[in-house]
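This is structure-v2.cif. It holds mmCIF, N, CA and C atoms and all ligand atoms.
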```cif
data_query
loop_
_atom_site.label_atom_id
_atom_site.label_comp_id
_atom_site.auth_asym_id
_atom_site.auth_seq_id
_atom_site.Cartn_x
_atom_site.Cartn_y
_atom_site.Cartn_z
N MET A 1100 67.17 57.66 206.09
CA MET A 1100 67.00 59.01 205.58
C MET A 1100 65.54 59.40 205.42
N PHE A 1101 64.70 58.40 205.23
CA PHE A 1101 63.30 58.67 204.98
C PHE A 1101 62.38 58.06 206.04
N ALA A 1102 62.98 57.53 207.11
CA ALA A 1102 62.16 56.94 208.17
C ALA A 1102 61.79 58.01 209.19
N GLY A 1103 60.64 57.85 209.83
CA GLY A 1103 60.24 58.77 210.88
C GLY A 1103 59.27 59.83 210.39
N ALA A 1104 58.93 60.72 211.32
CA ALA A 1104 57.94 61.76 211.03
C ALA A 1104 58.43 62.68 209.91
N ASN A 1105 57.52 63.05 209.06
CA ASN A 1105 57.85 64.01 207.99
C ASN A 1105 56.58 64.75 207.60
N THR A 1106 56.77 65.84 206.89
CA THR A 1106 55.62 66.61 206.45
C THR A 1106 55.36 66.42 204.97
N GLY A 1107 55.92 65.35 204.41
CA GLY A 1107 55.62 65.00 203.04
C GLY A 1107 56.85 64.86 202.16
N TYR A 1108 56.82 63.83 201.35
CA TYR A 1108 57.88 63.62 200.37
C TYR A 1108 57.26 63.64 198.99
N GLU A 1109 57.73 64.52 198.14
CA GLU A 1109 57.34 64.52 196.74
C GLU A 1109 58.59 64.20 195.93
N PHE A 1110 58.55 63.09 195.23
CA PHE A 1110 59.69 62.70 194.40
C PHE A 1110 59.39 63.04 192.95
N TYR A 1111 60.26 63.85 192.36
CA TYR A 1111 60.05 64.27 190.98
C TYR A 1111 61.03 63.55 190.06
N ARG A 1112 60.47 63.00 189.02
CA ARG A 1112 61.21 62.17 188.08
C ARG A 1112 62.52 62.82 187.61
N GLY A 1113 62.44 64.04 187.16
CA GLY A 1113 63.62 64.70 186.57
C GLY A 1113 64.67 65.11 187.60
N TRP A 1114 64.26 65.31 188.82
CA TRP A 1114 65.20 65.75 189.86
C TRP A 1114 65.74 64.60 190.68
N LEU A 1115 65.20 63.42 190.45
CA LEU A 1115 65.62 62.26 191.24
C LEU A 1115 67.11 61.92 191.07
N PRO A 1116 67.67 61.97 189.86
CA PRO A 1116 69.11 61.65 189.75
C PRO A 1116 69.99 62.52 190.65
N ASP A 1117 69.73 63.81 190.71
CA ASP A 1117 70.54 64.69 191.57
C ASP A 1117 70.26 64.42 193.06
N LEU A 1118 69.02 64.07 193.39
CA LEU A 1118 68.70 63.75 194.78
C LEU A 1118 69.41 62.46 195.20
N ILE A 1119 69.45 61.49 194.32
CA ILE A 1119 70.12 60.22 194.62
C ILE A 1119 71.62 60.46 194.85
N VAL A 1120 72.23 61.27 194.01
CA VAL A 1120 73.65 61.60 194.19
C VAL A 1120 73.86 62.29 195.54
N ALA A 1121 72.96 63.21 195.89
CA ALA A 1121 73.07 63.91 197.17
C ALA A 1121 72.93 62.94 198.34
N CYS A 1122 71.96 62.04 198.26
CA CYS A 1122 71.77 61.05 199.33
C CYS A 1122 73.00 60.17 199.48
N ASP A 1123 73.56 59.75 198.37
CA ASP A 1123 74.76 58.92 198.41
C ASP A 1123 75.93 59.69 199.03
N SER A 1124 76.07 60.96 198.67
CA SER A 1124 77.14 61.78 199.24
C SER A 1124 76.97 61.93 200.75
N ILE A 1125 75.74 62.15 201.19
CA ILE A 1125 75.48 62.31 202.63
C ILE A 1125 75.75 60.99 203.36
N ASP A 1126 75.32 59.90 202.76
CA ASP A 1126 75.53 58.59 203.37
C ASP A 1126 77.02 58.31 203.54
N ARG A 1127 77.80 58.60 202.52
CA ARG A 1127 79.25 58.38 202.61
C ARG A 1127 79.89 59.36 203.59
N LEU A 1128 79.43 60.60 203.60
CA LEU A 1128 79.96 61.60 204.53
C LEU A 1128 79.75 61.18 205.98
N LEU A 1129 78.57 60.68 206.29
CA LEU A 1129 78.26 60.32 207.68
C LEU A 1129 78.89 59.00 208.10
N GLY A 1130 79.17 58.14 207.16
CA GLY A 1130 79.81 56.87 207.50
C GLY A 1130 78.98 56.06 208.48
N GLU A 1131 79.61 55.57 209.53
CA GLU A 1131 78.93 54.71 210.51
C GLU A 1131 77.98 55.49 211.41
N ASP A 1132 78.30 56.76 211.68
CA ASP A 1132 77.49 57.58 212.59
C ASP A 1132 76.50 58.42 211.78
N LYS A 1133 75.29 57.92 211.63
CA LYS A 1133 74.29 58.61 210.79
C LYS A 1133 73.64 59.80 211.47
N ARG A 1134 73.89 59.97 212.79
CA ARG A 1134 73.39 61.13 213.54
C ARG A 1134 71.88 61.31 213.43
N ARG A 1135 71.19 60.23 213.14
CA ARG A 1135 69.74 60.29 212.92
C ARG A 1135 69.37 61.29 211.82
N PHE A 1136 70.25 61.40 210.84
CA PHE A 1136 69.93 62.26 209.70
C PHE A 1136 68.67 61.74 209.03
N ARG A 1137 67.78 62.65 208.71
CA ARG A 1137 66.62 62.29 207.89
C ARG A 1137 66.03 63.53 207.24
N PHE A 1138 65.36 63.26 206.15
CA PHE A 1138 64.63 64.33 205.49
C PHE A 1138 63.32 64.55 206.22
N THR A 1139 62.95 65.81 206.40
CA THR A 1139 61.67 66.11 207.02
C THR A 1139 60.63 66.50 205.97
N GLN A 1140 61.11 66.93 204.81
CA GLN A 1140 60.19 67.25 203.71
C GLN A 1140 60.97 67.37 202.41
N LEU A 1141 60.38 66.88 201.34
CA LEU A 1141 60.92 67.06 199.99
C LEU A 1141 59.79 67.64 199.16
N LYS A 1142 60.06 68.77 198.50
CA LYS A 1142 58.98 69.35 197.72
C LYS A 1142 59.54 70.30 196.65
N GLU A 1143 58.63 70.73 195.82
CA GLU A 1143 58.93 71.78 194.84
C GLU A 1143 58.32 73.05 195.38
N LYS A 1144 59.06 74.15 195.26
CA LYS A 1144 58.53 75.44 195.70
C LYS A 1144 59.09 76.52 194.80
N LEU A 1145 58.21 77.31 194.22
CA LEU A 1145 58.59 78.43 193.37
C LEU A 1145 59.47 78.01 192.20
N GLY A 1146 59.29 76.77 191.76
CA GLY A 1146 59.96 76.32 190.55
C GLY A 1146 61.11 75.37 190.74
N TRP A 1147 61.63 75.27 191.96
CA TRP A 1147 62.75 74.36 192.16
C TRP A 1147 62.59 73.55 193.44
N ALA A 1148 63.49 72.61 193.62
CA ALA A 1148 63.38 71.66 194.72
C ALA A 1148 63.76 72.28 196.05
N ARG A 1149 63.11 71.79 197.11
CA ARG A 1149 63.49 72.13 198.48
C ARG A 1149 63.62 70.83 199.25
N TYR A 1150 64.77 70.66 199.88
CA TYR A 1150 65.05 69.46 200.65
C TYR A 1150 65.30 69.85 202.09
N TYR A 1151 64.32 69.59 202.93
CA TYR A 1151 64.41 69.94 204.35
C TYR A 1151 64.89 68.71 205.12
N TRP A 1152 65.75 68.93 206.11
CA TRP A 1152 66.37 67.81 206.80
C TRP A 1152 66.68 68.17 208.24
N LYS A 1153 67.06 67.16 208.99
CA LYS A 1153 67.51 67.38 210.36
C LYS A 1153 68.44 66.25 210.78
N THR A 1154 69.20 66.52 211.83
CA THR A 1154 69.97 65.48 212.50
C THR A 1154 69.54 65.53 213.96
N GLU A 1155 70.19 64.71 214.79
CA GLU A 1155 69.82 64.74 216.21
C GLU A 1155 70.21 66.07 216.86
N GLU A 1156 71.16 66.79 216.29
CA GLU A 1156 71.64 68.04 216.86
C GLU A 1156 71.18 69.29 216.10
N THR A 1157 70.89 69.15 214.84
CA THR A 1157 70.67 70.33 213.99
C THR A 1157 69.39 70.19 213.19
N ARG A 1158 68.64 71.28 213.14
CA ARG A 1158 67.45 71.33 212.31
C ARG A 1158 67.41 72.70 211.63
N PRO A 1159 67.96 72.80 210.43
CA PRO A 1159 67.96 74.09 209.75
C PRO A 1159 66.55 74.61 209.49
N LEU A 1160 66.42 75.92 209.56
CA LEU A 1160 65.16 76.60 209.28
C LEU A 1160 65.33 77.36 207.97
N ARG A 1161 64.40 77.18 207.07
CA ARG A 1161 64.48 77.83 205.77
C ARG A 1161 63.43 78.93 205.69
N LEU A 1162 63.85 80.05 205.16
CA LEU A 1162 62.92 81.16 204.97
C LEU A 1162 62.98 81.62 203.52
N SER A 1163 61.83 81.89 202.96
CA SER A 1163 61.73 82.49 201.64
C SER A 1163 61.08 83.86 201.82
N LEU A 1164 61.84 84.90 201.52
CA LEU A 1164 61.35 86.26 201.71
C LEU A 1164 61.12 86.92 200.36
N PHE A 1165 59.91 87.42 200.17
CA PHE A 1165 59.59 88.13 198.94
C PHE A 1165 59.86 89.61 199.16
N THR A 1166 60.77 90.17 198.40
CA THR A 1166 61.13 91.57 198.54
C THR A 1166 60.88 92.28 197.21
N PRO A 1167 60.89 93.61 197.21
CA PRO A 1167 60.73 94.33 195.94
C PRO A 1167 61.82 93.98 194.92
N ASP A 1168 62.97 93.51 195.43
CA ASP A 1168 64.07 93.15 194.54
C ASP A 1168 64.07 91.68 194.14
N GLY A 1169 63.08 90.95 194.61
CA GLY A 1169 62.99 89.54 194.26
C GLY A 1169 62.99 88.65 195.49
N LEU A 1170 63.14 87.38 195.25
CA LEU A 1170 63.06 86.38 196.31
C LEU A 1170 64.41 86.24 197.01
N LEU A 1171 64.38 86.27 198.33
CA LEU A 1171 65.58 86.02 199.13
C LEU A 1171 65.39 84.70 199.87
N GLU A 1172 66.34 83.82 199.74
CA GLU A 1172 66.31 82.54 200.45
C GLU A 1172 67.32 82.57 201.57
N ARG A 1173 66.90 82.18 202.74
CA ARG A 1173 67.80 82.15 203.89
C ARG A 1173 67.69 80.82 204.60
N GLN A 1174 68.81 80.37 205.14
CA GLN A 1174 68.84 79.15 205.94
C GLN A 1174 69.46 79.50 207.29
N HIS A 1175 68.74 79.18 208.34
CA HIS A 1175 69.22 79.45 209.70
C HIS A 1175 69.32 78.14 210.46
N GLY A 1176 69.95 78.20 211.62
CA GLY A 1176 70.04 77.02 212.46
C GLY A 1176 71.30 76.21 212.25
N LEU A 1177 72.21 76.73 211.44
CA LEU A 1177 73.48 76.03 211.21
C LEU A 1177 74.63 76.68 211.99
N GLU A 1178 74.31 77.65 212.84
CA GLU A 1178 75.36 78.38 213.56
C GLU A 1178 76.21 77.46 214.42
N ASN A 1179 75.59 76.45 215.01
CA ASN A 1179 76.32 75.52 215.88
C ASN A 1179 76.58 74.17 215.21
N ALA A 1180 76.30 74.10 213.92
CA ALA A 1180 76.50 72.84 213.21
C ALA A 1180 77.99 72.57 213.02
N ASP A 1181 78.34 71.31 213.04
CA ASP A 1181 79.74 70.97 212.82
C ASP A 1181 80.02 70.87 211.32
N ALA A 1182 81.26 70.51 210.98
CA ALA A 1182 81.67 70.50 209.58
C ALA A 1182 80.83 69.54 208.74
N ALA A 1183 80.50 68.38 209.29
CA ALA A 1183 79.71 67.40 208.53
C ALA A 1183 78.32 67.96 208.23
N GLU A 1184 77.71 68.59 209.22
CA GLU A 1184 76.37 69.14 209.00
C GLU A 1184 76.41 70.32 208.03
N GLN A 1185 77.46 71.10 208.10
CA GLN A 1185 77.62 72.19 207.12
C GLN A 1185 77.74 71.61 205.71
N GLU A 1186 78.44 70.48 205.61
CA GLU A 1186 78.60 69.87 204.29
C GLU A 1186 77.29 69.28 203.80
N ILE A 1187 76.51 68.70 204.70
CA ILE A 1187 75.18 68.20 204.31
C ILE A 1187 74.35 69.35 203.74
N ALA A 1188 74.36 70.48 204.43
CA ALA A 1188 73.61 71.64 203.95
C ALA A 1188 74.07 72.04 202.55
N GLN A 1189 75.39 72.02 202.35
CA GLN A 1189 75.92 72.43 201.04
C GLN A 1189 75.56 71.42 199.96
N ILE A 1190 75.64 70.14 200.28
CA ILE A 1190 75.27 69.08 199.31
C ILE A 1190 73.83 69.28 198.86
N LEU A 1191 72.94 69.54 199.80
CA LEU A 1191 71.52 69.66 199.45
C LEU A 1191 71.21 70.99 198.77
N LEU A 1192 71.92 72.04 199.15
CA LEU A 1192 71.73 73.32 198.43
C LEU A 1192 72.21 73.19 196.99
N THR A 1193 73.27 72.43 196.79
CA THR A 1193 73.77 72.21 195.43
C THR A 1193 72.74 71.43 194.60
N ALA A 1194 72.13 70.42 195.20
CA ALA A 1194 71.09 69.65 194.49
C ALA A 1194 69.87 70.53 194.21
N GLU A 1195 69.51 71.37 195.17
CA GLU A 1195 68.39 72.29 194.94
C GLU A 1195 68.72 73.26 193.81
N ASP A 1196 69.93 73.77 193.82
CA ASP A 1196 70.33 74.72 192.79
C ASP A 1196 70.29 74.07 191.41
N ALA A 1197 70.71 72.82 191.32
CA ALA A 1197 70.67 72.10 190.04
C ALA A 1197 69.24 71.98 189.53
N SER A 1198 68.28 71.86 190.45
CA SER A 1198 66.88 71.71 190.03
C SER A 1198 66.35 72.99 189.37
N ARG A 1199 67.05 74.09 189.53
CA ARG A 1199 66.63 75.35 188.91
C ARG A 1199 66.92 75.39 187.42
N ARG A 1200 67.69 74.40 186.93
CA ARG A 1200 67.99 74.34 185.51
C ARG A 1200 67.86 72.91 184.97
N THR A 1201 67.07 72.09 185.69
CA THR A 1201 66.86 70.69 185.31
C THR A 1201 65.37 70.44 185.18
N CYS A 1202 64.96 69.88 184.03
CA CYS A 1202 63.53 69.62 183.82
C CYS A 1202 63.00 68.67 184.88
N ILE A 1203 61.89 69.04 185.47
CA ILE A 1203 61.27 68.26 186.55
C ILE A 1203 60.74 66.91 186.03
N VAL A 1204 60.58 66.82 184.71
CA VAL A 1204 60.07 65.57 184.11
C VAL A 1204 61.21 64.70 183.60
N CYS A 1205 62.12 65.28 182.81
CA CYS A 1205 63.07 64.44 182.06
C CYS A 1205 64.54 64.70 182.38
N ALA A 1206 64.84 65.63 183.25
CA ALA A 1206 66.21 65.93 183.70
C ALA A 1206 67.08 66.63 182.63
N GLN A 1207 66.45 67.05 181.53
CA GLN A 1207 67.21 67.81 180.54
C GLN A 1207 67.36 69.26 180.99
N LEU A 1208 68.27 69.97 180.34
CA LEU A 1208 68.47 71.38 180.65
C LEU A 1208 67.14 72.13 180.52
N ALA A 1209 66.85 72.99 181.46
CA ALA A 1209 65.52 73.60 181.51
C ALA A 1209 65.60 74.98 182.16
N LYS A 1210 64.47 75.64 182.17
CA LYS A 1210 64.35 76.90 182.90
C LYS A 1210 62.98 76.95 183.57
N ILE A 1211 62.83 77.87 184.50
CA ILE A 1211 61.58 77.98 185.24
C ILE A 1211 60.54 78.68 184.37
N ARG A 1212 59.38 78.02 184.25
CA ARG A 1212 58.29 78.52 183.41
C ARG A 1212 57.00 78.51 184.23
N SER A 1213 56.06 79.31 183.79
CA SER A 1213 54.78 79.40 184.50
C SER A 1213 53.71 78.56 183.82
N PHE A 1214 53.09 77.69 184.60
CA PHE A 1214 51.93 76.91 184.13
C PHE A 1214 50.71 77.54 184.80
N GLY A 1215 50.24 78.62 184.26
CA GLY A 1215 49.09 79.31 184.84
C GLY A 1215 49.35 79.79 186.25
N GLY A 1216 50.56 80.23 186.52
CA GLY A 1216 50.91 80.72 187.85
C GLY A 1216 51.74 79.74 188.65
N TRP A 1217 51.68 78.47 188.31
CA TRP A 1217 52.52 77.46 188.99
C TRP A 1217 53.89 77.47 188.30
N LEU A 1218 54.89 77.91 189.03
CA LEU A 1218 56.24 77.98 188.48
C LEU A 1218 56.90 76.61 188.57
N VAL A 1219 57.40 76.15 187.44
CA VAL A 1219 58.03 74.83 187.38
C VAL A 1219 59.18 74.89 186.38
N CYS A 1220 60.24 74.19 186.71
CA CYS A 1220 61.40 74.15 185.84
C CYS A 1220 61.20 73.02 184.82
N THR A 1221 61.06 73.41 183.57
CA THR A 1221 60.87 72.39 182.51
C THR A 1221 61.68 72.74 181.28
N CYS A 1222 61.92 71.72 180.47
CA CYS A 1222 62.53 71.92 179.16
C CYS A 1222 61.44 72.38 178.19
N GLU A 1223 61.82 72.67 176.97
CA GLU A 1223 60.84 73.10 175.95
C GLU A 1223 59.79 72.02 175.72
N ARG A 1224 60.24 70.76 175.67
CA ARG A 1224 59.36 69.63 175.37
C ARG A 1224 58.28 69.43 176.44
N HIS A 1225 58.58 69.84 177.67
CA HIS A 1225 57.60 69.70 178.75
C HIS A 1225 57.12 71.06 179.25
N GLY A 1226 57.14 72.03 178.37
CA GLY A 1226 56.76 73.39 178.73
C GLY A 1226 55.26 73.61 178.65
N PRO A 1227 54.80 74.77 179.11
CA PRO A 1227 53.36 75.06 179.16
C PRO A 1227 52.72 75.18 177.77
N ASP A 1228 53.51 75.40 176.73
CA ASP A 1228 52.93 75.44 175.38
C ASP A 1228 52.61 74.04 174.87
N VAL A 1229 53.19 73.03 175.52
CA VAL A 1229 53.05 71.64 175.06
C VAL A 1229 52.16 70.82 175.99
N MET A 1230 52.29 71.07 177.30
CA MET A 1230 51.58 70.25 178.29
C MET A 1230 50.65 71.10 179.15
N SER A 1231 49.56 70.49 179.57
CA SER A 1231 48.71 71.16 180.55
C SER A 1231 49.33 70.98 181.93
N ARG A 1232 48.87 71.78 182.85
CA ARG A 1232 49.36 71.70 184.23
C ARG A 1232 49.11 70.30 184.81
N ASP A 1233 47.94 69.74 184.59
CA ASP A 1233 47.63 68.41 185.11
C ASP A 1233 48.50 67.33 184.48
N ASP A 1234 48.72 67.44 183.17
CA ASP A 1234 49.57 66.46 182.49
C ASP A 1234 51.00 66.55 183.01
N LEU A 1235 51.45 67.77 183.26
CA LEU A 1235 52.81 67.95 183.79
C LEU A 1235 52.93 67.32 185.17
N LEU A 1236 51.95 67.56 186.00
CA LEU A 1236 51.98 67.01 187.36
C LEU A 1236 52.03 65.48 187.32
N HIS A 1237 51.23 64.89 186.46
CA HIS A 1237 51.21 63.44 186.33
C HIS A 1237 52.55 62.93 185.79
N ALA A 1238 53.14 63.68 184.87
CA ALA A 1238 54.39 63.23 184.24
C ALA A 1238 55.60 63.35 185.17
N CYS A 1239 55.58 64.31 186.07
CA CYS A 1239 56.78 64.56 186.88
C CYS A 1239 56.78 63.84 188.21
N LEU A 1240 55.64 63.52 188.77
CA LEU A 1240 55.57 62.93 190.10
C LEU A 1240 55.79 61.42 190.10
N LEU A 1241 56.52 60.95 191.08
CA LEU A 1241 56.68 59.51 191.25
C LEU A 1241 55.76 59.01 192.35
N ARG A 1242 54.76 59.78 192.69
CA ARG A 1242 53.88 59.45 193.81
C ARG A 1242 53.30 58.04 193.69
N ASP A 1243 52.85 57.69 192.52
CA ASP A 1243 52.22 56.37 192.34
C ASP A 1243 53.20 55.24 192.61
N VAL A 1244 54.45 55.46 192.27
CA VAL A 1244 55.47 54.44 192.48
C VAL A 1244 55.81 54.31 193.95
N VAL A 1245 55.85 55.46 194.65
CA VAL A 1245 56.26 55.48 196.05
C VAL A 1245 55.18 54.89 196.94
N GLU A 1246 53.92 55.22 196.69
CA GLU A 1246 52.85 54.80 197.60
C GLU A 1246 52.45 53.35 197.42
ZN ZN B 1301 61.71 67.78 179.97
#
```
For the structure just supplied, provide its representation as C-alpha cells.
Ligand SMILES: [Zn+2]
Amino acid sequence: MFAGANTGYEFYRGWLPDLIVACDSIDRLLGEDKRRFRFTQLKEKLGWARYYWKTEETRPLRLSLFTPDGLLERQHGLENADAAEQEIAQILLTAEDASRRTCIVCAQLAKIRSFGGWLVCTCERHGPDVMSRDDLLHACLLRDVVE
C-alpha cells in the first residue's frame, strides 16, 4: 500500500486509527488480488485528511473548488471503476470525513479551527488558544517515527 512512487506521506497521530481501519478494510476487500493498490499521497488539506490512491486500472482525480458558496470537493476517474474500486473510494472518503471531527493530535471529538490561517481539526485541549502552530505540528505528526 505504501511501496512505490508517491508525492508524500504525512501520518497524523490522531487520524491514524481511522486510517489503519481503512487500510485493513481495503486489504480484506482486495483479498489475494491487490491490483497494485497503493497510496500516492497522504496529507492534511483545509483541515481534514486527504488520501490519494491508485490501482493498476484506476487513478481517481480529486478537485477542490472554492466557490462563493464554499468549498466543493469532487472526485473524478471512477467512471470505469469496478465495484471493488468504488468501495475503496468510499472507504477512504469515510476515513477522510471522520477526520473532519477527529482531533489530529489525540483522536478525540474535534472541530476545524484556525491556527493563524492554517485550518486544522483539533479538540479544545489542542486548540489554538492552548498550542502554538509549531507545537501542534510537532504533536500531530508521526514524521520522526516514520523516517
Ligand atoms: Zn486533541
Using only N, CA and C atoms and all ligand atoms, determine which residues fall within 7 Å of ligand ZN 1301 (chain B), then list them as a PyMOL selection string.
chain A and resi 1201-1208+1221-1226
Check region 1197-1239 of chain A with DSSP on the backbone and list each residue it calls strand (DSSP E or B), as a ChimeraX atom specification.
/A:1201,1208,1210-1214,1217-1221
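Using all atoms listed in the file, the residues found no farther than 6 Å from Ser1163 (chain A), other than those of its own chain fewer than 4 positions away, are Leu1171, Glu1172 and Arg1173 of chain A.
From atom C of Ala1180 (chain A) back to CA of Tyr1150 (chain A), the distance works out to 18.2 Å.
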Could you work out an axis-aligned box for region 1149-1152 of chain A, taking every atom the file lists and adding 6 Å on each side, and report centre and edge lengths in Å to one decimal, as AutoDock Vina command-line options?
```
--center_x 64.9 --center_y 70.0 --center_z 202.7 --size_x 15.6 --size_y 16.3 --size_z 23.1
```
Can you pull out every residue within 5 Å of region 1120-1136 of chain A, counting all atoms listed in the file, but drop anything in the same chain fewer than 6 positions away, and send it as number ranges by chain?
A: 1100, 1153-1155
What parts of chain A does DSSP call helix (DSSP H, G or I)? I'd like the answer as an NGL selection string.
:A and (1112-1129 or 1182-1198 or 1232-1239 or 1242-1245)
Given the selection you just returned, output its residues as a file containing N, CA and C atoms, formatted as a compact mmCIF listing (two decimals), in the frame of the given file.
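Output contents, as saved in result10.txt:
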```txt
# COMPACT_ATOMS: atom_id res chain seq x y z
N ARG A 1112 60.47 63.00 189.02
CA ARG A 1112 61.21 62.17 188.08
C ARG A 1112 62.52 62.82 187.61
N GLY A 1113 62.44 64.04 187.16
CA GLY A 1113 63.62 64.70 186.57
C GLY A 1113 64.67 65.11 187.60
N TRP A 1114 64.26 65.31 188.82
CA TRP A 1114 65.20 65.75 189.86
C TRP A 1114 65.74 64.60 190.68
N LEU A 1115 65.20 63.42 190.45
CA LEU A 1115 65.62 62.26 191.24
C LEU A 1115 67.11 61.92 191.07
N PRO A 1116 67.67 61.97 189.86
CA PRO A 1116 69.11 61.65 189.75
C PRO A 1116 69.99 62.52 190.65
N ASP A 1117 69.73 63.81 190.71
CA ASP A 1117 70.54 64.69 191.57
C ASP A 1117 70.26 64.42 193.06
N LEU A 1118 69.02 64.07 193.39
CA LEU A 1118 68.70 63.75 194.78
C LEU A 1118 69.41 62.46 195.20
N ILE A 1119 69.45 61.49 194.32
CA ILE A 1119 70.12 60.22 194.62
C ILE A 1119 71.62 60.46 194.85
N VAL A 1120 72.23 61.27 194.01
CA VAL A 1120 73.65 61.60 194.19
C VAL A 1120 73.86 62.29 195.54
N ALA A 1121 72.96 63.21 195.89
CA ALA A 1121 73.07 63.91 197.17
C ALA A 1121 72.93 62.94 198.34
N CYS A 1122 71.96 62.04 198.26
CA CYS A 1122 71.77 61.05 199.33
C CYS A 1122 73.00 60.17 199.48
N ASP A 1123 73.56 59.75 198.37
CA ASP A 1123 74.76 58.92 198.41
C ASP A 1123 75.93 59.69 199.03
N SER A 1124 76.07 60.96 198.67
CA SER A 1124 77.14 61.78 199.24
C SER A 1124 76.97 61.93 200.75
N ILE A 1125 75.74 62.15 201.19
CA ILE A 1125 75.48 62.31 202.63
C ILE A 1125 75.75 60.99 203.36
N ASP A 1126 75.32 59.90 202.76
CA ASP A 1126 75.53 58.59 203.37
C ASP A 1126 77.02 58.31 203.54
N ARG A 1127 77.80 58.60 202.52
CA ARG A 1127 79.25 58.38 202.61
C ARG A 1127 79.89 59.36 203.59
N LEU A 1128 79.43 60.60 203.60
CA LEU A 1128 79.96 61.60 204.53
C LEU A 1128 79.75 61.18 205.98
N LEU A 1129 78.57 60.68 206.29
CA LEU A 1129 78.26 60.32 207.68
C LEU A 1129 78.89 59.00 208.10
N ALA A 1182 81.26 70.51 210.98
CA ALA A 1182 81.67 70.50 209.58
C ALA A 1182 80.83 69.54 208.74
N ALA A 1183 80.50 68.38 209.29
CA ALA A 1183 79.71 67.40 208.53
C ALA A 1183 78.32 67.96 208.23
N GLU A 1184 77.71 68.59 209.22
CA GLU A 1184 76.37 69.14 209.00
C GLU A 1184 76.41 70.32 208.03
N GLN A 1185 77.46 71.10 208.10
CA GLN A 1185 77.62 72.19 207.12
C GLN A 1185 77.74 71.61 205.71
N GLU A 1186 78.44 70.48 205.61
CA GLU A 1186 78.60 69.87 204.29
C GLU A 1186 77.29 69.28 203.80
N ILE A 1187 76.51 68.70 204.70
CA ILE A 1187 75.18 68.20 204.31
C ILE A 1187 74.35 69.35 203.74
N ALA A 1188 74.36 70.48 204.43
CA ALA A 1188 73.61 71.64 203.95
C ALA A 1188 74.07 72.04 202.55
N GLN A 1189 75.39 72.02 202.35
CA GLN A 1189 75.92 72.43 201.04
C GLN A 1189 75.56 71.42 199.96
N ILE A 1190 75.64 70.14 200.28
CA ILE A 1190 75.27 69.08 199.31
C ILE A 1190 73.83 69.28 198.86
N LEU A 1191 72.94 69.54 199.80
CA LEU A 1191 71.52 69.66 199.45
C LEU A 1191 71.21 70.99 198.77
N LEU A 1192 71.92 72.04 199.15
CA LEU A 1192 71.73 73.32 198.43
C LEU A 1192 72.21 73.19 196.99
N THR A 1193 73.27 72.43 196.79
CA THR A 1193 73.77 72.21 195.43
C THR A 1193 72.74 71.43 194.60
N ALA A 1194 72.13 70.42 195.20
CA ALA A 1194 71.09 69.65 194.49
C ALA A 1194 69.87 70.53 194.21
N GLU A 1195 69.51 71.37 195.17
CA GLU A 1195 68.39 72.29 194.94
C GLU A 1195 68.72 73.26 193.81
N ASP A 1196 69.93 73.77 193.82
CA ASP A 1196 70.33 74.72 192.79
C ASP A 1196 70.29 74.07 191.41
N ALA A 1197 70.71 72.82 191.32
CA ALA A 1197 70.67 72.10 190.04
C ALA A 1197 69.24 71.98 189.53
N SER A 1198 68.28 71.86 190.45
CA SER A 1198 66.88 71.71 190.03
C SER A 1198 66.35 72.99 189.37
N ARG A 1232 48.87 71.78 182.85
CA ARG A 1232 49.36 71.70 184.23
C ARG A 1232 49.11 70.30 184.81
N ASP A 1233 47.94 69.74 184.59
CA ASP A 1233 47.63 68.41 185.11
C ASP A 1233 48.50 67.33 184.48
N ASP A 1234 48.72 67.44 183.17
CA ASP A 1234 49.57 66.46 182.49
C ASP A 1234 51.00 66.55 183.01
N LEU A 1235 51.45 67.77 183.26
CA LEU A 1235 52.81 67.95 183.79
C LEU A 1235 52.93 67.32 185.17
N LEU A 1236 51.95 67.56 186.00
CA LEU A 1236 51.98 67.01 187.36
C LEU A 1236 52.03 65.48 187.32
N HIS A 1237 51.23 64.89 186.46
CA HIS A 1237 51.21 63.44 186.33
C HIS A 1237 52.55 62.93 185.79
N ALA A 1238 53.14 63.68 184.87
CA ALA A 1238 54.39 63.23 184.24
C ALA A 1238 55.60 63.35 185.17
N CYS A 1239 55.58 64.31 186.07
CA CYS A 1239 56.78 64.56 186.88
C CYS A 1239 56.78 63.84 188.21
N ARG A 1242 54.76 59.78 192.69
CA ARG A 1242 53.88 59.45 193.81
C ARG A 1242 53.30 58.04 193.69
N ASP A 1243 52.85 57.69 192.52
CA ASP A 1243 52.22 56.37 192.34
C ASP A 1243 53.20 55.24 192.61
N VAL A 1244 54.45 55.46 192.27
CA VAL A 1244 55.47 54.44 192.48
C VAL A 1244 55.81 54.31 193.95
N VAL A 1245 55.85 55.46 194.65
CA VAL A 1245 56.26 55.48 196.05
C VAL A 1245 55.18 54.89 196.94
```
Tell me, counting only C-alpha atoms, for each residue of region 1140-1235 of chain A within 10 Å of region 1102-1106 of chain A, which pair of atoms is nearest and how far apart they are in Å to one decimal, in rows ordered by chain and increasing number, as a tab-separated table.
```
residue	atom	partner	partner_atom	distance
A:Gln1140	CA	A:Thr1106	CA	5.4
A:Leu1141	CA	A:Thr1106	CA	8.4
A:Lys1142	CA	A:Thr1106	CA	9.7
A:Tyr1151	CA	A:Asn1105	CA	9.6
A:Trp1152	CA	A:Asn1105	CA	9.4
```
What lies within 7 Å of region 1187-1197 of chain A using only C-alpha atoms, ignoring chain neighbours under 2 positions off, as a PyMOL selection string?
chain A and resi 1117-1118+1121+1125+1147-1150+1183-1185+1199-1201
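Atom pair atom C of Trp1217 (chain A) / atom N of Arg1232 (chain A) has a distance of 9.3 Å (rounded to one decimal).
The spacing separating CA of Ser1198 (chain A) from CA of Leu1218 (chain A) amounts to 12.4 Å.
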Near Phe1110 (chain A), within 7 Å and counting only N, CA and C atoms, which residues show up once chain neighbours fewer than 2 positions away are dropped, as number ranges by chain?
A: 1108, 1112-1115, 1141-1142, 1239-1242
